[in-house]
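A.B. asks: Here it is: the structure, laid out below.
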There are 4 protein chains.
Amino acid sequence: MTPTVDILRTSHVEYRVSDLERARAFYVDLVGFVETGRDADHVYLRGLEDRYHHCLVLTRAPSPGVGHVAFRVRTEGDLEALADLAREAGLFHRWIEAGTETGVGRALRVRDPFGFPVEFVHAVEPAAWRLQDYAAYRGAAVMRLDHVNYLTPDIEAAARWYMDRLGFACSECTVSYGPDGVERLWGAWLRRKQTSHDLAIANGRGPAFHHASFIAHSTETLLHVADVLAASGFVANLERGPGRHGTTNAFFLYVRDPDGNRFELFTGDYLVADPDWEPVKWDLEDPRRATFWGAPAPPRWFNEAMAAYDWETGEPVPVREPRLPDRPRAVADP
Amino acid sequence: MTPTVDILRTSHVEYRVSDLERARAFYVDLVGFVETGRDADHVYLRGLEDRYHHCLVLTRAPSPGVGHVAFRVRTEGDLEALADLAREAGLFHRWIEAGTETGVGRALRVRDPFGFPVEFVHAVEPAAWRLQDYAAYRGAAVMRLDHVNYLTPDIEAAARWYMDRLGFACSECTVSYGPDGVERLWGAWLRRKQTSHDLAIANGRGPAFHHASFIAHSTETLLHVADVLAASGFVANLERGPGRHGTTNAFFLYVRDPDGNRFELFTGDYLVADPDWEPVKWDLEDPRRATFWGAPAPPRWFNEAMAAYDWETGEPVPVREPRLPDRPRAVADP
Amino acid sequence: MTPTVDILRTSHVEYRVSDLERARAFYVDLVGFVETGRDADHVYLRGLEDRYHHCLVLTRAPSPGVGHVAFRVRTEGDLEALADLAREAGLFHRWIEAGTETGVGRALRVRDPFGFPVEFVHAVEPAAWRLQDYAAYRGAAVMRLDHVNYLTPDIEAAARWYMDRLGFACSECTVSYGPDGVERLWGAWLRRKQTSHDLAIANGRGPAFHHASFIAHSTETLLHVADVLAASGFVANLERGPGRHGTTNAFFLYVRDPDGNRFELFTGDYLVADPDWEPVKWDLEDPRRATFWGAPAPPRWFNEAMAAYDWETGEPVPVREPRLPDRPRAVADP
Amino acid sequence: MTPTVDILRTSHVEYRVSDLERARAFYVDLVGFVETGRDADHVYLRGLEDRYHHCLVLTRAPSPGVGHVAFRVRTEGDLEALADLAREAGLFHRWIEAGTETGVGRALRVRDPFGFPVEFVHAVEPAAWRLQDYAAYRGAAVMRLDHVNYLTPDIEAAARWYMDRLGFACSECTVSYGPDGVERLWGAWLRRKQTSHDLAIANGRGPAFHHASFIAHSTETLLHVADVLAASGFVANLERGPGRHGTTNAFFLYVRDPDGNRFELFTGDYLVADPDWEPVKWDLEDPRRATFWGAPAPPRWFNEAMAAYDWETGEPVPVREPRLPDRPRAVADP
């Protein structure tokens, strides 16, 4: 089936925080986002390479988690096509008026077939490019949003749907071999823009949100932000890394914000300019897959995820257990 | 006019060298290309990130210069569309049978309206990905071909043609102000893939080829290859840099190979995933434009270009003088 | 007591390996040592910054471990003073003729009061400086030997002896607080040359040798060598890191060679040019002490040490258990 | 002759600036010094690695230049020995009471035999170590003062005097070959602490002060500070580099402050822990000597120096022309 929509890239994410000022200080002064603006209930952040209003909005909320995730499409017509697709598939969806979210035009909010709340937008407000404003670089010198990472017990169907219906292409995948010796899809790294991915979907307790990932300026700024956070009282917020993933070759650091929301800082994957790119396949049990240097992830990286909030109910999306193992055997059980 | 062809990216370049073995040692052992193969008259090179046969072919030839430049298109149908376009525009063009160039399928060779010989291909032979074969990293750890750079006295028309007829988009441009105060286009950085550019066209004596540019793994490997070349008897081959361009923000090094062919090593530009990217505009006389840190380029960087060889005659393409100044005033005249 | 000997620095270490050729390939081709020479039973290695014959000698032996550790003294007279000191203190010691170890002059071998076999030398054979021979850089681009690390149950007395009798100065120390609330020395980072240390002594099962540490060219080459080893079949040999120690601020990687011998690659400590440097004090339980970013060391880093071989008997030195805890509480017990 | 004084290292320098606030903003916010304190006429700066009050003091003054240069000695007795030496040699000298310069104890100011005003101190006030206060890193992340660089027409005698009378050792030297083919000393890199140098003396119009050099945290922060200064309106203050010196292997950047005072940012030389280090010798005309990558220094780097102010008169020290050429032939004449 040929997709009829043209998604450009992951656009922005919303993180729920209890204390806006504390969160702003963390994300801007230490981690190195650029502040575009704020209002009573939000702080709008972008990266130094961004030319749009925000790629991360912090929203005052009583509980942490991800408010929403948005993808940008090429035209307003693509939004209409998505509404058609949702209608035909019987998916809950809702139009949001332009400006409901500062800096963002008309948006379509959809509950995907697996329970994830996903937003699509076309119009986004321009903002100044800060790439060469080097005196503003802080911490990791965040460049832009790269991708989001979902957990679902429906990995096979979910990957299929995003590829067949929304036009994502697969850059890499992880497979798991059961006691029956049968190979099953465990995770998929899916792209729209020409990098390794915009959306990673992995097997796990879900639907849940694992992390959003932002590009750090360089290997050096990624190491530097680890030093900055450790030096500033946030050593316990450094969850995993710095290290290199085998998958996508990314140099990574996983951080928890003061509310416990998880994000990744990331650099060092590759360009995929050719549509005939053959997916790279990894075995879940390959020690180099998760960390190229062999060190297993800490258990809490697998044990904990972020709540996603349903468009319709406003409540956290109920989760189900996966049937495949949710982690490599080398990582201690929960 | 809507282009009817879909160019994916710059595909490969051919450099003419007098001594294949000497050139191979230079490009592979010192600069850090990967050798895919060789035959009596050619050495085929790719980058560590490449998954295709070659992005640079060295061809034994009595004089230096660029044999040809090729762009990859999405389908064989795009080649047909390009042949139609050439026919309608009365441009010299010729089909080349698959395998005439090892690793490359059927190709269409066209003389563009400004005299440049340009090849288009779709089918390219796969080759192993070496991105994580870290023990093979040498010198700059070349990742892939990024762009080519042309000189022409017809900059305005040339940029127009590549944008309107071939679908290139403009990421950045340089303008020059004459004594009349009128702003004129001096250079254009044009992209197909989602990086700052695939093709840069600048005002100058031409049609001539200024350089091909290859991605270095990192700022560190780019500095390292300068040290490696200086340590290996090639200090005079380091023409310019390492430094940062204002345009595209690239960290660069210009190198001459043992035959005098020029190439750039390059890292640090940005992703352009949004089609509505507003071009960045620079003044030719802004000291930070050419080198962000202010140091002017050495005169020979402006004085010398590489010959392009005409498809029809096999002779170097005749050149004409530009009407605009060919360099900023801060660079000494030839 | 004023020491009467002038030790310059850690000079070299001897590692016992079962397969010289395999070890040479590992240390030279992958890790990035420079080979000075070899004979039937030894391979002599130095760093790119070294101007002497070797800082690491690999010796064919039926079991792994450290053959010996040597310090360089300023004059031959310092060797005589050390022999006097050993005689007065009743320590086993023995003169070794010049040339017994290739590249090394007359040596004095002493069993220190805690059971460690220690060698002292003055005369060492010069070798070419390779610092600017950049084409020879491989892997971590090893620069020089930095320090050695001992484990002993006699940490307080051992640190005292090296400071009072051999003139070492303390750059940093780690203390442990028992249930009685009393502060006890747990580890000492001692220097002779003007860096953070030449000799680290820590509490643990011993006398045993934990590791020798070699300077990597940069943060980038230290990350690169982790990638190189993982890419070359040695992922299981990456024991800990890359990471940053709180103590000494070092960016580190711990590696096991194919025989299981442990060494550290290290960069990023500091200069201590002032004799009145006040030691930095760390609490054993501070999560940033061992790894500034909080991740605890893997248990085997604490569970396993290298055998030291007694000068007199040629047998592994017998070890005793420590009375203080041998690791922070955050590291799982053996 | 055996020196009777024990100089530890270059201690601090005083730069004269017309606008303290402007200078503070430049050195602290952009370049990355740490501010220890200030008073009506001074701002006291140190590096992140420093544990003493200042390594650079900015003093309000009507004209730029270097107020003074100081070396730290091991004991107060060394100051007495230096006073004896000055008396015997008939050199102008003067004691300065403790606290005359904030953070500095009793000082001895001497006019050396070549006209340079040199201060010696022992007591210096401690200050907090900021090495691991990573959130305070800005710009180059200045670590510490490394060395000072003098110009003199008396290069041979000056190098001799500092080595024979003050105990400096030679790490590297540059020689020049006249039309007579005779080799003459052109420059000397002299050390007390265990790095490549504390004091460089080069042939030139003098006695004059060429620059003080401060250690940048890394290659990356040195590149970063070039970007920061270019982005902040100081592109014309980037005088030379970033680049690598052949001599000492240093990665360098020469900067002019808003008053025109020159300083170097520097990283990447080596440790010299062995007193029998053989000096490295360079030919003035070797293109890799000054810049390892071959690019000649801009003429103003040779044409302009900083005034030194005489202890006795308070006036700029009168200068004389050198007899040897003051620059390599590849650098254009003044």
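Scheme for the structure tokens: letters A, B, ... for chains in order shown; per-chain residue numbers from 1; ligand numbers from 1 in order shown.
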Determine which residues of range 114-227 of chain A receive a DSSP assignment of strand (DSSP E or B), computed from the backbone, and state them as a ChimeraX atom specification.
C.D. replies: /A:117-121,124,126,142-152,169-177,183-191,195,199-203,206,208-216
A.B. asks: Skip Cys173 in chain A itself and residues of its chain fewer than 2 positions away, then list as a compact mmCIF listing (two decimals) with N, CA and C atoms, in the first residue's frame all residues within 7 Å of it, counting only C-alpha atoms.
C.D. replies:
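Wrote it out as selection.txt, contents follow:
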# COMPACT_ATOMS: atom_id res chain seq x y z
N VAL A 175 16.32 -8.42 16.22
CA VAL A 175 15.47 -9.61 16.26
C VAL A 175 15.85 -10.45 17.47
N GLY A 187 12.73 -4.93 17.67
CA GLY A 187 12.79 -3.46 17.63
C GLY A 187 13.04 -2.99 16.22
N ALA A 188 12.54 -1.77 15.92
CA ALA A 188 12.71 -1.22 14.57
C ALA A 188 13.08 0.25 14.66
N TRP A 189 14.08 0.64 13.89
CA TRP A 189 14.55 2.03 13.83
C TRP A 189 14.07 2.58 12.48
N PRO A 279 18.19 -2.60 5.48
CA PRO A 279 18.23 -2.50 6.94
C PRO A 279 19.37 -3.33 7.54
N VAL A 280 19.97 -2.80 8.57
CA VAL A 280 20.98 -3.51 9.34
C VAL A 280 20.25 -4.34 10.39
N LYS A 281 20.64 -5.61 10.55
CA LYS A 281 19.94 -6.48 11.49
C LYS A 281 20.84 -6.89 12.65
N TRP A 282 20.33 -6.76 13.86
CA TRP A 282 21.07 -7.12 15.07
C TRP A 282 20.33 -8.21 15.84
A.B. asks: Using only C-alpha atoms, find each residue of chain D with at least one atom at most 8 Å away from an atom of chain C; report its shortest atom-to-atom pair and that distance in Å (one decimal), sort the rows by chain and rising residue number, and return the result as a Markdown table.
C.D. replies:
| residue | atom | partner | partner_atom | distance |
| --- | --- | --- | --- | --- |
| D:Leu8 | CA | C:Ala273 | CA | 6.6 |
| D:Arg9 | CA | C:Ala273 | CA | 7.0 |
| D:Glu49 | CA | C:Tyr270 | CA | 7.3 |
| D:Arg74 | CA | C:Pro275 | CA | 7.7 |
| D:Gln132 | CA | C:Asn249 | CA | 7.3 |
| D:Lys193 | CA | C:Ala273 | CA | 5.9 |
| D:Gln194 | CA | C:Gln194 | CA | 6.3 |
| D:Asn249 | CA | C:Gln132 | CA | 7.3 |
| D:Tyr270 | CA | C:Glu49 | CA | 7.3 |
| D:Ala273 | CA | C:Lys193 | CA | 5.9 |
| D:Asp274 | CA | C:Leu8 | CA | 6.7 |
| D:Pro275 | CA | C:Arg74 | CA | 7.8 |
A.B. asks: Show me, as number ranges by chain, the residues that have an atom within 8 Å of Gly115 in chain B when counting only C-alpha atoms, minus same-chain residues fewer than 5 positions from it.
C.D. replies: B: 207, 310, 317
A.B. asks: Can you tell me which residues surround Ala127 in chain C at a distance of at most 12 Å, considering only C-alpha atoms, apart from same-chain residues fewer than 2 positions away, and format the answer as number ranges by chain?
C.D. replies: C: 34-37, 44-55, 103-104, 124-125, 129-131; D: 277-278
